[in-house]
Amino acid sequence: RKHRPNIIFHCNFQIKIEESMNSYPITKNSKIKRIAEKATYDTETIHQIIDEALFCHIGIIHNDRPVVIPTIHARMNDHLMFHGSNASRLIKTSDQNDICVTITLLDGLVIGRSHFHHSMNYRSVVLFGKGEIIKDHEERMDAFHAISHHFAPGRWNDARKPNESELKQTAILKMKIDSASAKISNKFPTDEDEDYKLNYWAGIIPVNQTYGIPENDPHLKEGIILPEYLKNFKRN
């Protein structure tokens with residue numbers, strides 16, 4: 001018997017997705033057609049992937065050509081926040097235009113008995129919305145705080161805040177998540193039935209992101225010790 005997903009479960013799962021009030025709307029852009037049993041539109045699941053990832057990639061059209069740019073992000077409810085130079089093409093091109101944001105977390109290498117069934121375990125999201133440059137000062141500061149917290153929780157109140165010159169040089173772009181989908185793969189290889197008799201190792205090699213021991217800046221003032229929130233650093 002083929003080791004394939006249960007199609008009845010998949011159909012029931014899809015019905016629950018479409019009926020759920022806690023899911024993003026399934027649109028022409030966000031609907032996953034290829035290996036749809038790996039898809040979810042669940043808001044909580046999508047937010048968890050966004051929050052765990054340190055950075056994302058933003059797709060824009062610049063001078064009639066596609067461009068994809070990596071950048072740090074932060075989520076504030078159903079909005080994504082990005083920052084950059086006022087002169088950044090990402091910021092200027094995204095303002096009042098549709099953009100696409102992608103995030104991928106790699107969880108493992110899937111080693112099959114045939115090369116065809118080698119794969120990866122992952123959690124990924126594709127997000128759609130329109131960019132908007134934030135003008136309001138308080139909203140900008142909230143976004144700076146969110147980005148700092150996303151990067152290193154606890155650091156916002158333990159470093160100098162942006163000064164007037166830095167604020168003038170920096171733009172904050174927000175994107176309301178209008179539609180989104182996640183695709184998750186977490187499985188062992190699904191080899192062909194006849195290949196299970198082959199004498200090749202098969203399985204999963206887990207991939208985990210870890211943080212090393214903090215190293216002092218050579219110019220650190222004498223007597224300053226490592227803050228507790230940075231010891232054994234973990235973001236989640």
# chains A, B, ... in the order shown; residues from 1 in each chain; ligands from 1

call {"tool": "closest_atom_pairs", "arguments": {"of": "range 25-105 of chain A", "to": "range 197-212 of chain A", "cutoff": "12 Å", "atoms": "only C-alpha atoms", "output": "tab-separated table"}}
result
residue	atom	partner	partner_atom	distance
A:Glu52	CA	A:Gln209	CA	10.7
A:Ala53	CA	A:Gln209	CA	10.4
A:Leu54	CA	A:Gln209	CA	10.8
A:Leu105	CA	A:Val207	CA	9.6

call {"tool": "residues_around", "arguments": {"residues": "Lys31 in chain A", "least_positions_apart": "4", "cutoff": "7 Å", "atoms": "only C-alpha atoms", "output": "list in words"}}
result
Ile26, Thr27 and Ser181 of chain A

call {"tool": "atom_distance", "arguments": {"atom1": "CA of Ala74 in chain A", "atom2": "CA of His47 in chain A"}}
result
10.5 Å

call {"tool": "closest_residue", "arguments": {"among": "A:Ser94, A:Asn29, A:Ser85, A:Thr71", "to": "Ile133 in chain A", "atoms": "only C-alpha atoms"}}
result
A:Ser94

call {"tool": "residues_around", "arguments": {"residues": "range 139-156 of chain A", "least_positions_apart": "4", "cutoff": "12 Å", "atoms": "only C-alpha atoms", "output": "short mmCIF file (atom, residue, chain, number, x, y, z; two decimals) with all heavy atoms, in the first residue's frame"}}
result
data_model
loop_
_atom_site.label_atom_id
_atom_site.label_comp_id
_atom_site.auth_asym_id
_atom_site.auth_seq_id
_atom_site.Cartn_x
_atom_site.Cartn_y
_atom_site.Cartn_z
N ILE A 50 5.49 33.61 11.57
CA ILE A 50 5.99 34.99 11.42
C ILE A 50 6.83 35.39 12.62
O ILE A 50 7.92 35.95 12.48
CB ILE A 50 4.80 35.96 11.25
CG1 ILE A 50 4.07 35.72 9.94
CG2 ILE A 50 5.29 37.42 11.33
CD1 ILE A 50 2.77 36.50 9.81
N ASP A 51 6.33 35.10 13.82
CA ASP A 51 6.99 35.54 15.04
C ASP A 51 8.29 34.78 15.29
O ASP A 51 9.23 35.33 15.87
CB ASP A 51 6.06 35.39 16.23
CG ASP A 51 4.84 36.29 16.15
OD1 ASP A 51 4.85 37.24 15.34
OD2 ASP A 51 3.86 36.03 16.88
N GLU A 52 8.36 33.54 14.89
CA GLU A 52 9.57 32.75 15.13
C GLU A 52 10.71 33.15 14.20
O GLU A 52 11.89 33.10 14.59
CB GLU A 52 9.28 31.26 14.98
CG GLU A 52 10.48 30.38 15.30
CD GLU A 52 10.15 28.90 15.30
OE1 GLU A 52 8.96 28.55 15.43
OE2 GLU A 52 11.09 28.09 15.17
N ALA A 53 10.38 33.56 12.98
CA ALA A 53 11.41 33.91 11.99
C ALA A 53 12.06 35.24 12.33
O ALA A 53 11.38 36.20 12.69
CB ALA A 53 10.79 33.97 10.60
N LEU A 54 13.38 35.31 12.19
CA LEU A 54 14.09 36.56 12.45
C LEU A 54 13.95 37.55 11.31
O LEU A 54 14.02 38.76 11.52
CB LEU A 54 15.58 36.27 12.69
CG LEU A 54 16.03 36.13 14.14
CD1 LEU A 54 17.47 35.65 14.21
CD2 LEU A 54 15.87 37.45 14.88
N PHE A 55 13.81 37.04 10.10
CA PHE A 55 13.73 37.94 8.96
C PHE A 55 12.80 37.35 7.91
O PHE A 55 12.39 36.18 7.99
CB PHE A 55 15.12 38.19 8.36
CG PHE A 55 15.76 36.96 7.77
CD1 PHE A 55 15.66 36.68 6.41
CD2 PHE A 55 16.47 36.08 8.57
CE1 PHE A 55 16.26 35.54 5.87
CE2 PHE A 55 17.07 34.95 8.04
CZ PHE A 55 16.96 34.68 6.68
N THR A 71 14.79 41.34 4.76
CA THR A 71 14.76 42.40 5.77
C THR A 71 14.18 41.86 7.07
O THR A 71 13.45 40.86 7.08
CB THR A 71 13.94 43.61 5.28
OG1 THR A 71 14.07 44.69 6.22
CG2 THR A 71 12.46 43.26 5.15
N ILE A 72 14.49 42.52 8.18
CA ILE A 72 13.90 42.17 9.46
C ILE A 72 12.45 42.66 9.49
O ILE A 72 12.10 43.62 8.79
CB ILE A 72 14.70 42.76 10.63
CG1 ILE A 72 14.21 42.18 11.96
CG2 ILE A 72 14.63 44.27 10.64
CD1 ILE A 72 15.09 42.55 13.14
N HIS A 73 11.64 42.00 10.28
CA HIS A 73 10.22 42.36 10.38
C HIS A 73 9.77 42.22 11.82
O HIS A 73 10.48 41.67 12.66
CB HIS A 73 9.37 41.44 9.49
CG HIS A 73 9.37 40.02 9.99
ND1 HIS A 73 10.40 39.13 9.69
CD2 HIS A 73 8.50 39.33 10.77
CE1 HIS A 73 10.15 37.97 10.27
NE2 HIS A 73 9.01 38.06 10.94
N ALA A 74 8.58 42.69 12.08
CA ALA A 74 7.91 42.44 13.35
C ALA A 74 6.42 42.44 13.09
O ALA A 74 5.94 43.13 12.18
CB ALA A 74 8.27 43.50 14.39
N ARG A 75 5.68 41.67 13.87
CA ARG A 75 4.22 41.63 13.71
C ARG A 75 3.56 42.38 14.86
O ARG A 75 3.90 42.20 16.03
CB ARG A 75 3.73 40.17 13.70
CG ARG A 75 2.21 40.05 13.50
CD ARG A 75 1.78 38.60 13.49
NE ARG A 75 2.04 37.96 14.77
CZ ARG A 75 1.21 38.04 15.83
NH1 ARG A 75 0.09 38.73 15.76
NH2 ARG A 75 1.52 37.41 16.96
N MET A 76 2.60 43.24 14.50
CA MET A 76 1.75 43.90 15.48
C MET A 76 0.32 43.56 15.12
O MET A 76 -0.24 44.12 14.17
CB MET A 76 1.99 45.41 15.47
CG MET A 76 3.40 45.82 15.87
SD MET A 76 3.69 47.62 15.81
CE MET A 76 2.61 48.17 17.16
N ASN A 77 -0.24 42.58 15.82
CA ASN A 77 -1.57 42.05 15.51
C ASN A 77 -1.60 41.55 14.07
O ASN A 77 -0.86 40.64 13.74
CB ASN A 77 -2.64 43.11 15.79
CG ASN A 77 -2.67 43.52 17.25
OD1 ASN A 77 -2.56 42.66 18.13
ND2 ASN A 77 -2.78 44.81 17.54
N HIS A 79 -0.73 43.26 11.37
CA HIS A 79 0.14 44.09 10.53
C HIS A 79 1.59 43.63 10.66
O HIS A 79 2.02 43.21 11.74
CB HIS A 79 0.07 45.57 10.94
CG HIS A 79 -1.17 46.27 10.48
ND1 HIS A 79 -2.40 46.07 11.07
CD2 HIS A 79 -1.37 47.19 9.48
CE1 HIS A 79 -3.31 46.84 10.47
NE2 HIS A 79 -2.70 47.51 9.50
N LEU A 80 2.33 43.73 9.58
CA LEU A 80 3.77 43.54 9.61
C LEU A 80 4.45 44.90 9.56
O LEU A 80 3.99 45.81 8.86
CB LEU A 80 4.24 42.69 8.42
CG LEU A 80 3.80 41.23 8.39
CD1 LEU A 80 4.42 40.53 7.19
CD2 LEU A 80 4.19 40.51 9.67
N MET A 81 5.54 45.03 10.29
CA MET A 81 6.30 46.28 10.33
C MET A 81 7.70 46.05 9.78
O MET A 81 8.34 45.03 10.08
CB MET A 81 6.40 46.79 11.77
CG MET A 81 5.07 47.04 12.45
SD MET A 81 4.20 48.45 11.71
CE MET A 81 2.57 48.24 12.45
N PHE A 82 8.17 46.99 8.96
CA PHE A 82 9.52 46.95 8.41
C PHE A 82 10.14 48.34 8.56
O PHE A 82 9.43 49.34 8.60
CB PHE A 82 9.49 46.59 6.92
CG PHE A 82 8.54 45.49 6.57
CD1 PHE A 82 7.28 45.77 6.06
CD2 PHE A 82 8.90 44.16 6.74
CE1 PHE A 82 6.39 44.76 5.73
CE2 PHE A 82 8.03 43.14 6.42
CZ PHE A 82 6.76 43.44 5.92
N HIS A 83 11.46 48.41 8.63
CA HIS A 83 12.10 49.71 8.69
C HIS A 83 13.25 49.76 7.69
O HIS A 83 13.80 48.73 7.28
CB HIS A 83 12.59 50.03 10.11
CG HIS A 83 13.87 49.32 10.47
ND1 HIS A 83 13.99 47.95 10.52
CD2 HIS A 83 15.08 49.82 10.81
CE1 HIS A 83 15.21 47.63 10.88
NE2 HIS A 83 15.91 48.74 11.05
N GLY A 84 13.59 50.97 7.29
CA GLY A 84 14.68 51.15 6.34
C GLY A 84 14.95 52.62 6.11
O GLY A 84 14.25 53.50 6.62
N GLU A 132 2.34 50.70 3.45
CA GLU A 132 1.99 52.07 3.80
C GLU A 132 3.04 52.63 4.74
O GLU A 132 3.34 52.05 5.79
CB GLU A 132 0.62 52.11 4.48
CG GLU A 132 0.19 53.51 4.91
CD GLU A 132 -1.10 53.52 5.70
OE1 GLU A 132 -1.78 52.47 5.76
OE2 GLU A 132 -1.42 54.57 6.29
N ILE A 133 3.64 53.76 4.37
CA ILE A 133 4.61 54.42 5.24
C ILE A 133 3.88 55.08 6.41
O ILE A 133 2.90 55.80 6.21
CB ILE A 133 5.43 55.47 4.46
CG1 ILE A 133 6.30 54.77 3.40
CG2 ILE A 133 6.30 56.29 5.40
CD1 ILE A 133 7.08 55.73 2.53
N ILE A 134 4.36 54.81 7.62
CA ILE A 134 3.74 55.38 8.82
C ILE A 134 4.26 56.79 9.04
O ILE A 134 5.48 57.02 9.05
CB ILE A 134 4.04 54.51 10.05
CG1 ILE A 134 3.45 53.10 9.85
CG2 ILE A 134 3.48 55.15 11.31
CD1 ILE A 134 3.78 52.15 10.98
N LYS A 135 3.34 57.72 9.25
CA LYS A 135 3.70 59.12 9.49
C LYS A 135 3.58 59.51 10.96
O LYS A 135 4.34 60.35 11.45
CB LYS A 135 2.82 60.03 8.64
CG LYS A 135 2.89 59.78 7.14
CD LYS A 135 4.26 60.12 6.57
CE LYS A 135 4.27 60.00 5.05
NZ LYS A 135 5.60 60.30 4.48
N ARG A 160 20.07 53.02 24.13
CA ARG A 160 19.63 54.38 23.81
C ARG A 160 18.54 54.33 22.74
O ARG A 160 18.65 53.64 21.74
CB ARG A 160 20.82 55.21 23.29
CG ARG A 160 20.44 56.64 22.90
CD ARG A 160 21.63 57.44 22.42
NE ARG A 160 22.23 56.93 21.21
CZ ARG A 160 21.74 57.11 19.97
NH1 ARG A 160 20.58 57.74 19.79
NH2 ARG A 160 22.38 56.61 18.92
N LYS A 161 17.48 55.12 22.97
CA LYS A 161 16.39 55.20 21.99
C LYS A 161 16.84 56.00 20.76
O LYS A 161 17.79 56.78 20.83
CB LYS A 161 15.16 55.86 22.62
CG LYS A 161 14.66 55.21 23.90
CD LYS A 161 14.14 53.81 23.65
CE LYS A 161 13.38 53.26 24.87
NZ LYS A 161 14.18 53.17 26.09
N PRO A 162 16.15 55.83 19.63
CA PRO A 162 16.51 56.60 18.43
C PRO A 162 16.41 58.10 18.70
O PRO A 162 15.44 58.57 19.31
CB PRO A 162 15.47 56.15 17.40
CG PRO A 162 14.97 54.82 17.89
CD PRO A 162 15.04 54.89 19.38
N ASN A 163 17.42 58.86 18.26
CA ASN A 163 17.37 60.31 18.43
C ASN A 163 16.67 60.95 17.22
O ASN A 163 16.28 60.27 16.26
CB ASN A 163 18.76 60.90 18.64
CG ASN A 163 19.71 60.62 17.48
OD1 ASN A 163 19.31 60.59 16.32
ND2 ASN A 163 20.98 60.41 17.81
N GLU A 164 16.51 62.26 17.26
CA GLU A 164 15.76 62.97 16.22
C GLU A 164 16.39 62.77 14.84
O GLU A 164 15.68 62.56 13.86
CB GLU A 164 15.68 64.46 16.55
CG GLU A 164 14.80 65.25 15.59
CD GLU A 164 14.64 66.71 16.00
OE1 GLU A 164 15.01 67.03 17.15
OE2 GLU A 164 14.16 67.50 15.18
N GLU A 166 18.24 60.23 13.77
CA GLU A 166 18.02 58.85 13.34
C GLU A 166 16.58 58.62 12.90
O GLU A 166 16.32 57.90 11.92
CB GLU A 166 18.41 57.90 14.47
CG GLU A 166 19.91 57.90 14.77
CD GLU A 166 20.26 57.25 16.08
OE1 GLU A 166 19.36 57.08 16.94
OE2 GLU A 166 21.45 56.92 16.27
N LEU A 167 15.66 59.24 13.62
CA LEU A 167 14.25 59.10 13.26
C LEU A 167 13.97 59.73 11.89
O LEU A 167 13.17 59.20 11.10
CB LEU A 167 13.36 59.73 14.33
CG LEU A 167 13.31 59.01 15.67
CD1 LEU A 167 12.54 59.83 16.69
CD2 LEU A 167 12.66 57.63 15.51
N LYS A 168 14.62 60.84 11.60
CA LYS A 168 14.41 61.51 10.31
C LYS A 168 14.97 60.68 9.16
O LYS A 168 14.46 60.75 8.04
CB LYS A 168 15.07 62.89 10.33
CG LYS A 168 14.33 63.93 11.16
CD LYS A 168 15.04 65.28 11.10
CE LYS A 168 14.28 66.33 11.89
NZ LYS A 168 14.97 67.65 11.86
N THR A 170 15.08 57.41 9.04
CA THR A 170 14.49 56.06 9.00
C THR A 170 13.00 56.11 8.73
O THR A 170 12.27 56.89 9.35
CB THR A 170 14.75 55.32 10.32
OG1 THR A 170 16.14 55.37 10.62
CG2 THR A 170 14.32 53.87 10.21
N ALA A 171 12.55 55.29 7.82
CA ALA A 171 11.13 55.16 7.52
C ALA A 171 10.61 53.84 8.08
O ALA A 171 11.35 52.85 8.15
CB ALA A 171 10.89 55.23 6.02
N ILE A 172 9.35 53.84 8.47
CA ILE A 172 8.68 52.62 8.92
C ILE A 172 7.56 52.32 7.93
O ILE A 172 6.70 53.17 7.65
CB ILE A 172 8.09 52.77 10.33
CG1 ILE A 172 9.19 52.91 11.38
CG2 ILE A 172 7.20 51.58 10.66
CD1 ILE A 172 9.94 51.64 11.68
N LEU A 173 7.58 51.10 7.42
CA LEU A 173 6.56 50.64 6.49
C LEU A 173 5.72 49.58 7.18
O LEU A 173 6.25 48.69 7.84
CB LEU A 173 7.22 50.05 5.24
CG LEU A 173 6.28 49.55 4.13
CD1 LEU A 173 5.77 50.73 3.31
CD2 LEU A 173 7.01 48.56 3.23
N LYS A 174 4.41 49.69 7.05
CA LYS A 174 3.54 48.65 7.59
C LYS A 174 2.74 48.01 6.47
O LYS A 174 2.50 48.62 5.42
CB LYS A 174 2.60 49.21 8.66
CG LYS A 174 1.52 50.15 8.15
CD LYS A 174 0.61 50.59 9.30
CE LYS A 174 -0.47 51.56 8.83
NZ LYS A 174 -1.36 51.98 9.95
N MET A 175 2.37 46.76 6.69
CA MET A 175 1.53 46.05 5.73
C MET A 175 0.46 45.27 6.48
O MET A 175 0.79 44.40 7.31
CB MET A 175 2.36 45.08 4.90
CG MET A 175 1.55 44.38 3.79
SD MET A 175 2.35 42.88 3.13
CE MET A 175 1.78 41.64 4.33
N TYR A 211 21.77 29.69 19.46
CA TYR A 211 22.55 30.89 19.67
C TYR A 211 23.76 30.57 20.54
O TYR A 211 23.66 29.82 21.51
CB TYR A 211 21.70 31.98 20.33
CG TYR A 211 20.53 32.42 19.47
CD1 TYR A 211 19.29 31.79 19.59
CD2 TYR A 211 20.68 33.42 18.53
CE1 TYR A 211 18.22 32.18 18.79
CE2 TYR A 211 19.62 33.81 17.73
CZ TYR A 211 18.40 33.19 17.86
OH TYR A 211 17.36 33.56 17.06
N LEU A 226 27.04 41.30 31.29
CA LEU A 226 26.02 40.82 30.37
C LEU A 226 24.65 40.81 31.05
O LEU A 226 24.50 40.22 32.13
CB LEU A 226 26.37 39.41 29.89
CG LEU A 226 25.43 38.76 28.88
CD1 LEU A 226 25.53 39.46 27.53
CD2 LEU A 226 25.76 37.27 28.72
N PRO A 227 23.64 41.46 30.46
CA PRO A 227 22.30 41.46 31.07
C PRO A 227 21.72 40.05 31.15
O PRO A 227 22.01 39.19 30.31
CB PRO A 227 21.48 42.33 30.11
CG PRO A 227 22.48 43.11 29.34
CD PRO A 227 23.69 42.27 29.23
N GLU A 228 20.88 39.84 32.14
CA GLU A 228 20.30 38.52 32.35
C GLU A 228 19.51 38.05 31.13
O GLU A 228 19.54 36.87 30.79
CB GLU A 228 19.39 38.54 33.59
CG GLU A 228 20.13 38.55 34.91
CD GLU A 228 20.92 37.28 35.14
OE1 GLU A 228 20.44 36.20 34.70
OE2 GLU A 228 22.00 37.36 35.74
N TYR A 229 18.79 38.99 30.47
CA TYR A 229 17.93 38.59 29.36
C TYR A 229 18.72 38.14 28.13
O TYR A 229 18.15 37.57 27.19
CB TYR A 229 16.95 39.71 28.98
CG TYR A 229 17.61 40.97 28.45
CD1 TYR A 229 17.89 41.11 27.09
CD2 TYR A 229 17.95 42.01 29.30
CE1 TYR A 229 18.50 42.25 26.60
CE2 TYR A 229 18.56 43.16 28.82
CZ TYR A 229 18.83 43.28 27.48
OH TYR A 229 19.43 44.41 26.98
N LEU A 230 20.05 38.40 28.12
CA LEU A 230 20.89 37.96 27.02
C LEU A 230 21.69 36.70 27.35
O LEU A 230 22.32 36.12 26.46
CB LEU A 230 21.87 39.08 26.59
CG LEU A 230 21.22 40.33 25.99
CD1 LEU A 230 22.29 41.35 25.64
CD2 LEU A 230 20.40 39.98 24.75
N LYS A 231 21.65 36.29 28.62
CA LYS A 231 22.30 35.04 28.99
C LYS A 231 21.46 33.85 28.53
O LYS A 231 20.22 33.88 28.63
CB LYS A 231 22.49 34.96 30.51
CG LYS A 231 23.47 35.99 31.06
CD LYS A 231 23.58 35.88 32.57
CE LYS A 231 24.55 36.93 33.12
NZ LYS A 231 24.67 36.86 34.61
N PHE A 233 20.66 33.03 25.58
CA PHE A 233 19.70 33.77 24.76
C PHE A 233 18.80 32.85 23.96
O PHE A 233 19.25 31.92 23.28
CB PHE A 233 20.45 34.70 23.81
CG PHE A 233 19.55 35.55 22.95
CD1 PHE A 233 18.86 36.62 23.49
CD2 PHE A 233 19.39 35.26 21.61
CE1 PHE A 233 18.02 37.39 22.71
CE2 PHE A 233 18.55 36.03 20.81
CZ PHE A 233 17.88 37.10 21.36
N LYS A 234 17.52 33.12 24.06
CA LYS A 234 16.49 32.46 23.26
C LYS A 234 15.43 33.49 22.94
O LYS A 234 15.06 34.30 23.79
CB LYS A 234 15.86 31.29 24.01
CG LYS A 234 16.78 30.11 24.26
CD LYS A 234 16.06 29.00 24.99
CE LYS A 234 16.98 27.82 25.25
NZ LYS A 234 16.29 26.72 25.97
N ARG A 235 14.93 33.46 21.71
CA ARG A 235 13.91 34.43 21.32
C ARG A 235 12.51 33.91 21.65
O ARG A 235 11.58 34.69 21.83
CB ARG A 235 14.00 34.74 19.83
CG ARG A 235 15.24 35.53 19.44
CD ARG A 235 15.28 35.84 17.97
NE ARG A 235 14.05 36.49 17.52
CZ ARG A 235 13.12 35.88 16.80
NH1 ARG A 235 13.25 34.60 16.46
NH2 ARG A 235 12.04 36.52 16.43
N ASN A 236 12.32 32.62 21.65
CA ASN A 236 10.98 32.06 21.85
C ASN A 236 10.97 31.12 23.04
O ASN A 236 11.94 30.45 23.30
CB ASN A 236 10.53 31.32 20.59
CG ASN A 236 10.44 32.22 19.39
OD1 ASN A 236 9.66 33.16 19.38
ND2 ASN A 236 11.26 31.97 18.37
#

call {"tool": "select_by_dssp", "arguments": {"residues": "chain A", "states": "helix (DSSP H, G or I)", "output": "PyMOL selection string"}}
result
chain A and resi 7-19+36-38+43-52+89-94+115-117+137-151+156-158+164-169+193-197+228-230

call {"tool": "closest_residue", "arguments": {"among": "A:Arg65, A:Ile60, A:Phe188, A:Met120", "to": "Lys92 in chain A", "atoms": "only C-alpha atoms"}}
result
A:Ile60

call {"tool": "atom_distance", "arguments": {"atom1": "CA of Ala39 in chain A", "atom2": "CA of Ser185 in chain A"}}
result
9.1 Å

call {"tool": "select_by_dssp", "arguments": {"residues": "range 59-231 of chain A", "states": "strand (DSSP E)", "output": "PyMOL selection string"}}
result
chain A and resi 59-62+65-72+74-76+79-85+98-111+119-133+170-176+179-185+203-206

call {"tool": "atom_distance", "arguments": {"atom1": "CA of Phe116 in chain A", "atom2": "CA of Asp191 in chain A"}}
result
8.5 Å

call {"tool": "closest_residue", "arguments": {"among": "A:Val101, A:Ile58, A:Ala159, A:Leu220", "to": "Ile177 in chain A", "atoms": "only C-alpha atoms"}}
result
A:Val101

call {"tool": "residues_around", "arguments": {"residues": "Tyr122 in chain A", "least_positions_apart": "4", "cutoff": "12 Å", "atoms": "only C-alpha atoms", "output": "JSON, numbers by chain"}}
result
{"A": [38, 39, 49, 103, 104, 105, 106, 107, 108, 109, 110, 182, 183, 184, 185, 186, 187, 206, 207, 208]}

call {"tool": "write_last_selection", "arguments": {"atoms": "N, CA and C atoms", "output": "PDB file, in the first residue's frame"}}
result
ATOM      1  N   LYS A  38      -0.817  20.049   2.650  1.00  0.00           N
ATOM      2  CA  LYS A  38       0.156  20.691   3.531  1.00  0.00           C
ATOM      3  C   LYS A  38      -0.231  22.131   3.864  1.00  0.00           C
ATOM      4  N   ALA A  39      -1.326  22.593   3.303  1.00  0.00           N
ATOM      5  CA  ALA A  39      -1.718  23.998   3.458  1.00  0.00           C
ATOM      6  C   ALA A  39      -2.530  24.227   4.722  1.00  0.00           C
ATOM      7  N   ILE A  49       4.590  31.296  12.869  1.00  0.00           N
ATOM      8  CA  ILE A  49       5.717  31.216  11.935  1.00  0.00           C
ATOM      9  C   ILE A  49       6.327  32.597  11.728  1.00  0.00           C
ATOM     10  N   ILE A 103       8.256  33.861   4.195  1.00  0.00           N
ATOM     11  CA  ILE A 103       9.081  33.433   5.324  1.00  0.00           C
ATOM     12  C   ILE A 103       9.181  31.916   5.273  1.00  0.00           C
ATOM     13  N   THR A 104      10.376  31.387   5.536  1.00  0.00           N
ATOM     14  CA  THR A 104      10.563  29.938   5.596  1.00  0.00           C
ATOM     15  C   THR A 104      11.407  29.575   6.802  1.00  0.00           C
ATOM     16  N   LEU A 105      10.954  28.600   7.554  1.00  0.00           N
ATOM     17  CA  LEU A 105      11.719  28.020   8.660  1.00  0.00           C
ATOM     18  C   LEU A 105      12.067  26.584   8.268  1.00  0.00           C
ATOM     19  N   LEU A 106      13.351  26.274   8.244  1.00  0.00           N
ATOM     20  CA  LEU A 106      13.805  24.932   7.878  1.00  0.00           C
ATOM     21  C   LEU A 106      13.909  24.069   9.133  1.00  0.00           C
ATOM     22  N   ASP A 107      13.204  22.936   9.137  1.00  0.00           N
ATOM     23  CA  ASP A 107      13.155  22.073  10.313  1.00  0.00           C
ATOM     24  C   ASP A 107      13.920  20.765  10.150  1.00  0.00           C
ATOM     25  N   GLY A 108      14.187  20.357   8.908  1.00  0.00           N
ATOM     26  CA  GLY A 108      14.897  19.089   8.755  1.00  0.00           C
ATOM     27  C   GLY A 108      15.150  18.732   7.308  1.00  0.00           C
ATOM     28  N   LEU A 109      16.151  17.864   7.115  1.00  0.00           N
ATOM     29  CA  LEU A 109      16.437  17.297   5.799  1.00  0.00           C
ATOM     30  C   LEU A 109      15.827  15.906   5.755  1.00  0.00           C
ATOM     31  N   VAL A 110      15.039  15.639   4.742  1.00  0.00           N
ATOM     32  CA  VAL A 110      14.375  14.348   4.587  1.00  0.00           C
ATOM     33  C   VAL A 110      15.191  13.510   3.594  1.00  0.00           C
ATOM     34  N   ALA A 182      -0.087  29.231   4.804  1.00  0.00           N
ATOM     35  CA  ALA A 182       1.099  28.549   5.304  1.00  0.00           C
ATOM     36  C   ALA A 182       1.163  27.173   4.667  1.00  0.00           C
ATOM     37  N   LYS A 183       2.385  26.705   4.491  1.00  0.00           N
ATOM     38  CA  LYS A 183       2.593  25.344   3.986  1.00  0.00           C
ATOM     39  C   LYS A 183       3.581  24.673   4.926  1.00  0.00           C
ATOM     40  N   ILE A 184       3.183  23.520   5.438  1.00  0.00           N
ATOM     41  CA  ILE A 184       3.978  22.851   6.464  1.00  0.00           C
ATOM     42  C   ILE A 184       4.240  21.408   6.054  1.00  0.00           C
ATOM     43  N   SER A 185       5.505  21.026   6.112  1.00  0.00           N
ATOM     44  CA  SER A 185       5.879  19.641   5.845  1.00  0.00           C
ATOM     45  C   SER A 185       6.625  19.111   7.054  1.00  0.00           C
ATOM     46  N   ASN A 186       6.138  18.011   7.610  1.00  0.00           N
ATOM     47  CA  ASN A 186       6.746  17.411   8.803  1.00  0.00           C
ATOM     48  C   ASN A 186       6.545  15.904   8.721  1.00  0.00           C
ATOM     49  N   LYS A 187       7.404  15.265   7.949  1.00  0.00           N
ATOM     50  CA  LYS A 187       7.169  13.845   7.677  1.00  0.00           C
ATOM     51  C   LYS A 187       8.480  13.126   7.356  1.00  0.00           C
ATOM     52  N   PRO A 206      17.314  16.410  11.679  1.00  0.00           N
ATOM     53  CA  PRO A 206      16.702  17.648  12.190  1.00  0.00           C
ATOM     54  C   PRO A 206      17.626  18.848  12.009  1.00  0.00           C
ATOM     55  N   VAL A 207      17.042  20.000  11.776  1.00  0.00           N
ATOM     56  CA  VAL A 207      17.767  21.262  11.678  1.00  0.00           C
ATOM     57  C   VAL A 207      17.235  22.181  12.767  1.00  0.00           C
ATOM     58  N   ASN A 208      18.131  22.677  13.628  1.00  0.00           N
ATOM     59  CA  ASN A 208      17.738  23.548  14.727  1.00  0.00           C
ATOM     60  C   ASN A 208      18.602  24.804  14.741  1.00  0.00           C
TER      61      ASN A 208
END
